$ cat target.txt   # compact mmCIF, C-alpha atoms
# COMPACT_ATOMS: atom_id res chain seq x y z
CA MET E 239 2.25 6.59 53.69
CA ILE E 240 1.71 2.93 52.87
CA ALA E 241 -1.22 3.77 50.57
CA SER E 242 0.96 6.25 48.68
CA VAL E 243 3.65 3.64 48.12
CA SER E 244 1.02 1.13 47.01
CA VAL E 245 -0.37 3.59 44.46
CA GLN E 246 3.11 4.33 43.13
CA ILE E 247 3.86 0.62 42.75
CA THR E 248 0.54 0.09 40.96
CA GLN E 249 1.25 2.98 38.59
CA PHE E 250 4.74 1.65 37.88
CA LEU E 251 3.44 -1.85 37.17
CA THR E 252 0.70 -0.47 34.91
CA ALA E 253 3.26 1.50 32.92
CA LEU E 254 5.51 -1.57 32.71
CA GLN E 255 2.58 -3.69 31.52
CA LEU E 256 1.76 -1.16 28.81
CA LEU E 257 5.39 -0.94 27.71
CA LEU E 258 5.91 -4.71 27.54
CA GLY E 259 2.56 -5.22 25.83
CA THR E 260 3.46 -2.64 23.20
CA VAL E 261 6.86 -4.24 22.54
CA ILE E 262 5.34 -7.73 22.23
CA VAL E 263 2.61 -6.46 19.90
CA PHE E 264 5.16 -4.77 17.62
CA LEU E 265 7.26 -7.95 17.52
CA ALA E 266 4.17 -10.01 16.68
CA LEU E 267 3.23 -7.57 13.90
CA TYR E 268 6.78 -7.74 12.57
CA GLY E 269 6.54 -11.55 12.56
CA TYR E 270 3.19 -11.37 10.78
CA ARG E 271 4.48 -9.03 8.08
CA ARG E 272 7.68 -11.02 7.64
CA ASN E 273 6.07 -14.45 7.32
CA ALA E 274 2.47 -13.54 6.37
CA SER E 275 1.44 -15.78 9.26
CA GLN E 276 -2.22 -15.33 10.14
CA PRO E 277 -1.80 -17.10 13.52
CA MET E 278 0.86 -14.53 14.44
CA LEU E 279 -1.61 -11.75 13.64
CA PHE E 280 -4.21 -13.24 15.98
CA LEU E 281 -1.58 -13.86 18.66
CA GLY E 282 -0.51 -10.21 18.52
CA SER E 283 -4.13 -9.09 18.58
CA GLY E 284 -4.83 -11.26 21.63
CA ILE E 285 -1.82 -9.96 23.51
CA ALA E 286 -2.73 -6.39 22.59
CA THR E 287 -6.25 -6.97 23.83
CA MET E 288 -5.10 -8.54 27.09
CA THR E 289 -2.51 -5.90 27.90
CA LEU E 290 -3.19 -2.61 26.15
CA LEU E 291 -6.96 -2.70 25.68
CA SER E 292 -7.60 -4.22 29.12
CA THR E 293 -5.54 -1.53 30.84
CA MET E 294 -7.20 1.23 28.84
CA THR E 295 -10.64 -0.24 29.62
CA THR E 296 -9.80 -0.25 33.32
CA ILE E 297 -8.61 3.37 33.24
CA VAL E 298 -11.53 4.69 31.19
CA SER E 299 -14.21 2.73 33.03
CA SER E 300 -12.85 3.79 36.42
CA ILE E 301 -13.13 7.43 35.34
CA LEU E 302 -16.46 7.31 33.50
CA LEU E 303 -18.37 4.50 35.25
CA GLY E 304 -18.87 3.34 38.78
CA ALA E 305 -16.38 1.09 40.56
CA SER E 306 -18.71 -1.89 40.19
CA PHE E 307 -18.25 -1.87 36.40
CA VAL E 308 -14.43 -1.77 36.32
CA ALA E 309 -13.65 -5.41 37.10
CA PRO E 310 -16.32 -7.03 34.88
CA LEU E 311 -15.41 -4.88 31.88
CA SER E 312 -11.69 -5.48 32.32
CA MET E 313 -12.20 -9.22 32.76
CA GLY E 314 -14.46 -9.31 29.69
CA VAL E 315 -11.75 -7.68 27.58
CA GLU E 316 -9.14 -10.12 28.94
CA ILE E 317 -11.40 -13.07 28.05
CA ILE E 318 -11.70 -11.74 24.49
CA GLY E 319 -7.89 -11.54 24.36
CA MET E 320 -7.58 -15.11 25.61
CA CYS E 321 -10.02 -16.26 22.91
CA LEU E 322 -7.90 -14.56 20.25
CA ILE E 323 -4.77 -16.27 21.56
CA LEU E 324 -6.56 -19.62 21.67
CA TYR E 325 -7.73 -19.09 18.08
CA ALA E 326 -4.15 -18.30 17.07
CA ILE E 327 -2.96 -21.58 18.56
CA VAL E 328 -5.74 -23.60 16.90
CA LEU E 329 -5.16 -21.82 13.59
CA ALA E 330 -1.42 -22.50 13.77
CA ARG E 331 -2.07 -26.20 14.38
CA GLN E 332 -4.47 -26.36 11.43
CA THR E 333 -1.95 -24.56 9.23
CA GLU E 334 0.75 -27.07 10.18
CA LYS E 335 -1.52 -30.02 9.36
CA ARG E 336 -2.14 -28.64 5.85
CA ARG E 337 1.56 -28.56 5.01

$ encode --input "target.txt" --output "structure tokens"
Amino acid sequence: MIASVSVQITQFLTALQLLLGTVIVFLALYGYRRNASQPMLFLGSGIATMTLLSTMTTIVSSILLGASFVAPLSMGVEIIGMCLILYAIVLARQTEKRR
């Protein structure tokens, strides 16, 4: 009973994460297209990587690979997303200095 509720909560939170990640990515892409801001493009890419790609990596790796590969692959994808977000912040600061 408790395990069933836990699985349902996990599935709900995963769906919510995918939905929010998708909305944020679309808003970031809109901001990029509107202002031609390269930092916004990298920010959206980083958020997409951390939310959408990380979740998809977890799902696919849990189906195709053993359980021992799920966490390292998911964490690796999240680290790549964090690097993209960090690059967006650094790029935005450099862009501001040039103006």

$ residues_around --input "target.txt" --residues "Leu322 of chain E" --least-positions-apart "4" --cutoff "8 Å" --atoms "all atoms listed in the file" --output "VMD selection string"
chain E and resid 280 to 281 283 to 284 318 326

$ closest_residue --input "target.txt" --among "E:Leu256, E:Gly282, E:Ala305, E:Leu290" --to "Tyr270 of chain E" --atoms "all atoms listed in the file"
E:Gly282

$ closest_residue --input "target.txt" --among "E:Arg331, E:Gln249, E:Ala286, E:Ala241" --to "Leu267 of chain E" --atoms "only C-alpha atoms"
E:Ala286

$ atom_distance --input "target.txt" --atom1 "atom CA of Val308 of chain E" --atom2 "atom CA of Leu257 of chain E"
21.6 Å

$ atom_distance --input "target.txt" --atom1 "atom CA of Leu251 of chain E" --atom2 "atom CA of Leu324 of chain E"
25.6 Å

$ residues_around --input "target.txt" --residues "Ser312 of chain E" --least-positions-apart "3" --cutoff "12 Å" --atoms "all atoms listed in the file" --output "ChimeraX atom specification"
/E:287-300,305-309,315-319

$ atom_distance --input "target.txt" --atom1 "atom CA of Arg272 of chain E" --atom2 "atom CA of Ile323 of chain E"
19.4 Å

$ closest_residue --input "target.txt" --among "E:Thr248, E:Ser275, E:Ile285, E:Ser242" --to "Ile262 of chain E" --atoms "all atoms listed in the file"
E:Ile285

$ residues_around --input "target.txt" --residues "segment 333-337 of chain E" --least-positions-apart "4" --cutoff "9 Å" --atoms "all atoms listed in the file" --output "list in words"
Pro277, Val328 and Leu329 of chain E

$ axis_aligned_box --input "target.txt" --around "segment 286-299 of chain E" --padding-each-side "8 Å" --output "AutoDock Vina command-line options"
--center_x -8.4 --center_y -1.9 --center_z 28.0 --size_x 27.7 --size_y 29.2 --size_z 26.7

$ decode --input "target.txt" --residues "segment 243-292 of chain E" --atoms "N, CA and C atoms" --output "CSV table (one decimal), in the first residue's frame"
chain,number,residue,atom,x,y,z
E,243,VAL,N,1.6,4.1,-3.1
E,243,VAL,CA,1.4,5.6,-3.0
E,243,VAL,C,2.7,6.3,-3.3
E,244,SER,N,3.9,5.7,-2.9
E,244,SER,CA,5.2,6.3,-3.2
E,244,SER,C,5.4,6.3,-4.7
E,245,VAL,N,5.1,5.2,-5.4
E,245,VAL,CA,5.3,5.2,-6.8
E,245,VAL,C,4.4,6.2,-7.5
E,246,GLN,N,3.2,6.4,-7.1
E,246,GLN,CA,2.2,7.4,-7.6
E,246,GLN,C,2.8,8.8,-7.4
E,247,ILE,N,3.3,9.1,-6.3
E,247,ILE,CA,3.8,10.4,-6.0
E,247,ILE,C,5.0,10.6,-6.9
E,248,THR,N,5.9,9.6,-7.0
E,248,THR,CA,7.1,9.8,-7.9
E,248,THR,C,6.7,10.0,-9.3
E,249,GLN,N,5.7,9.3,-9.8
E,249,GLN,CA,5.2,9.5,-11.2
E,249,GLN,C,4.6,10.9,-11.3
E,250,PHE,N,3.9,11.4,-10.4
E,250,PHE,CA,3.3,12.7,-10.4
E,250,PHE,C,4.4,13.8,-10.5
E,251,LEU,N,5.4,13.6,-9.6
E,251,LEU,CA,6.5,14.6,-9.5
E,251,LEU,C,7.3,14.6,-10.8
E,252,THR,N,7.5,13.4,-11.4
E,252,THR,CA,8.2,13.3,-12.7
E,252,THR,C,7.4,14.0,-13.8
E,253,ALA,N,6.1,13.8,-13.8
E,253,ALA,CA,5.3,14.5,-14.8
E,253,ALA,C,5.3,16.0,-14.6
E,254,LEU,N,5.3,16.4,-13.4
E,254,LEU,CA,5.3,17.8,-13.1
E,254,LEU,C,6.7,18.5,-13.5
E,255,GLN,N,7.7,17.7,-13.2
E,255,GLN,CA,9.1,18.2,-13.6
E,255,GLN,C,9.2,18.3,-15.1
E,256,LEU,N,8.7,17.4,-15.8
E,256,LEU,CA,8.7,17.5,-17.3
E,256,LEU,C,7.9,18.6,-17.8
E,257,LEU,N,6.7,18.8,-17.2
E,257,LEU,CA,5.8,19.9,-17.6
E,257,LEU,C,6.5,21.3,-17.3
E,258,LEU,N,7.0,21.5,-16.1
E,258,LEU,CA,7.6,22.8,-15.8
E,258,LEU,C,8.9,23.0,-16.6
E,259,GLY,N,9.7,21.9,-16.8
E,259,GLY,CA,10.9,22.1,-17.6
E,259,GLY,C,10.5,22.5,-19.0
E,260,THR,N,9.5,21.9,-19.6
E,260,THR,CA,9.1,22.3,-21.0
E,260,THR,C,8.6,23.7,-21.1
E,261,VAL,N,7.8,24.2,-20.1
E,261,VAL,CA,7.4,25.5,-20.1
E,261,VAL,C,8.5,26.5,-20.0
E,262,ILE,N,9.5,26.2,-19.1
E,262,ILE,CA,10.6,27.1,-18.9
E,262,ILE,C,11.5,27.1,-20.2
E,263,VAL,N,11.7,26.0,-20.8
E,263,VAL,CA,12.5,25.9,-22.0
E,263,VAL,C,11.8,26.8,-23.1
E,264,PHE,N,10.5,26.6,-23.3
E,264,PHE,CA,9.8,27.4,-24.3
E,264,PHE,C,9.9,28.9,-24.0
E,265,LEU,N,9.8,29.3,-22.7
E,265,LEU,CA,9.9,30.7,-22.4
E,265,LEU,C,11.4,31.2,-22.7
E,266,ALA,N,12.3,30.4,-22.4
E,266,ALA,CA,13.7,30.8,-22.7
E,266,ALA,C,14.0,30.9,-24.2
E,267,LEU,N,13.4,30.0,-25.0
E,267,LEU,CA,13.5,30.1,-26.4
E,267,LEU,C,12.8,31.3,-27.0
E,268,TYR,N,11.7,31.6,-26.4
E,268,TYR,CA,11.0,32.9,-26.8
E,268,TYR,C,11.9,34.1,-26.5
E,269,GLY,N,12.5,34.1,-25.3
E,269,GLY,CA,13.4,35.2,-24.9
E,269,GLY,C,14.6,35.3,-25.9
E,270,TYR,N,15.1,34.1,-26.2
E,270,TYR,CA,16.2,34.1,-27.2
E,270,TYR,C,15.8,34.7,-28.5
E,271,ARG,N,14.7,34.2,-29.0
E,271,ARG,CA,14.3,34.7,-30.4
E,271,ARG,C,13.9,36.2,-30.3
E,272,ARG,N,13.3,36.6,-29.2
E,272,ARG,CA,12.9,38.0,-29.1
E,272,ARG,C,14.1,39.0,-29.0
E,273,ASN,N,15.1,38.6,-28.3
E,273,ASN,CA,16.2,39.5,-28.0
E,273,ASN,C,17.5,39.1,-28.7
E,274,ALA,N,17.5,37.9,-29.4
E,274,ALA,CA,18.7,37.4,-30.0
E,274,ALA,C,19.8,37.3,-28.9
E,275,SER,N,19.5,36.8,-27.7
E,275,SER,CA,20.4,36.8,-26.6
E,275,SER,C,21.0,35.4,-26.5
E,276,GLN,N,22.3,35.3,-26.8
E,276,GLN,CA,22.9,34.0,-26.8
E,276,GLN,C,23.0,33.4,-25.4
E,277,PRO,N,23.2,34.2,-24.3
E,277,PRO,CA,23.1,33.6,-23.0
E,277,PRO,C,21.7,33.0,-22.7
E,278,MET,N,20.7,33.6,-23.2
E,278,MET,CA,19.3,33.0,-23.0
E,278,MET,C,19.2,31.6,-23.6
E,279,LEU,N,19.9,31.5,-24.8
E,279,LEU,CA,19.9,30.2,-25.5
E,279,LEU,C,20.6,29.1,-24.7
E,280,PHE,N,21.7,29.5,-24.1
E,280,PHE,CA,22.4,28.5,-23.3
E,280,PHE,C,21.7,28.2,-22.0
E,281,LEU,N,21.1,29.2,-21.4
E,281,LEU,CA,20.3,29.0,-20.2
E,281,LEU,C,19.1,28.0,-20.5
E,282,GLY,N,18.4,28.2,-21.5
E,282,GLY,CA,17.3,27.3,-21.9
E,282,GLY,C,17.8,25.9,-22.2
E,283,SER,N,19.0,25.8,-22.8
E,283,SER,CA,19.6,24.5,-23.1
E,283,SER,C,20.0,23.8,-21.8
E,284,GLY,N,20.5,24.6,-20.9
E,284,GLY,CA,20.9,24.0,-19.6
E,284,GLY,C,19.7,23.5,-18.8
E,285,ILE,N,18.7,24.3,-18.8
E,285,ILE,CA,17.5,23.9,-18.1
E,285,ILE,C,16.8,22.7,-18.8
E,286,ALA,N,16.8,22.7,-20.1
E,286,ALA,CA,16.3,21.5,-20.8
E,286,ALA,C,17.1,20.3,-20.5
E,287,THR,N,18.4,20.4,-20.4
E,287,THR,CA,19.3,19.3,-20.1
E,287,THR,C,19.0,18.8,-18.7
E,288,MET,N,18.9,19.7,-17.8
E,288,MET,CA,18.7,19.3,-16.4
E,288,MET,C,17.4,18.7,-16.1
E,289,THR,N,16.3,19.1,-16.8
E,289,THR,CA,15.0,18.6,-16.5
E,289,THR,C,14.6,17.5,-17.5
E,290,LEU,N,14.5,17.9,-18.8
E,290,LEU,CA,13.9,17.0,-19.8
E,290,LEU,C,14.9,15.8,-20.1
E,291,LEU,N,16.1,16.2,-20.4
E,291,LEU,CA,17.1,15.2,-20.8
E,291,LEU,C,17.5,14.3,-19.7
E,292,SER,N,17.6,14.8,-18.5
E,292,SER,CA,17.9,14.0,-17.3
E,292,SER,C,16.8,13.0,-17.0
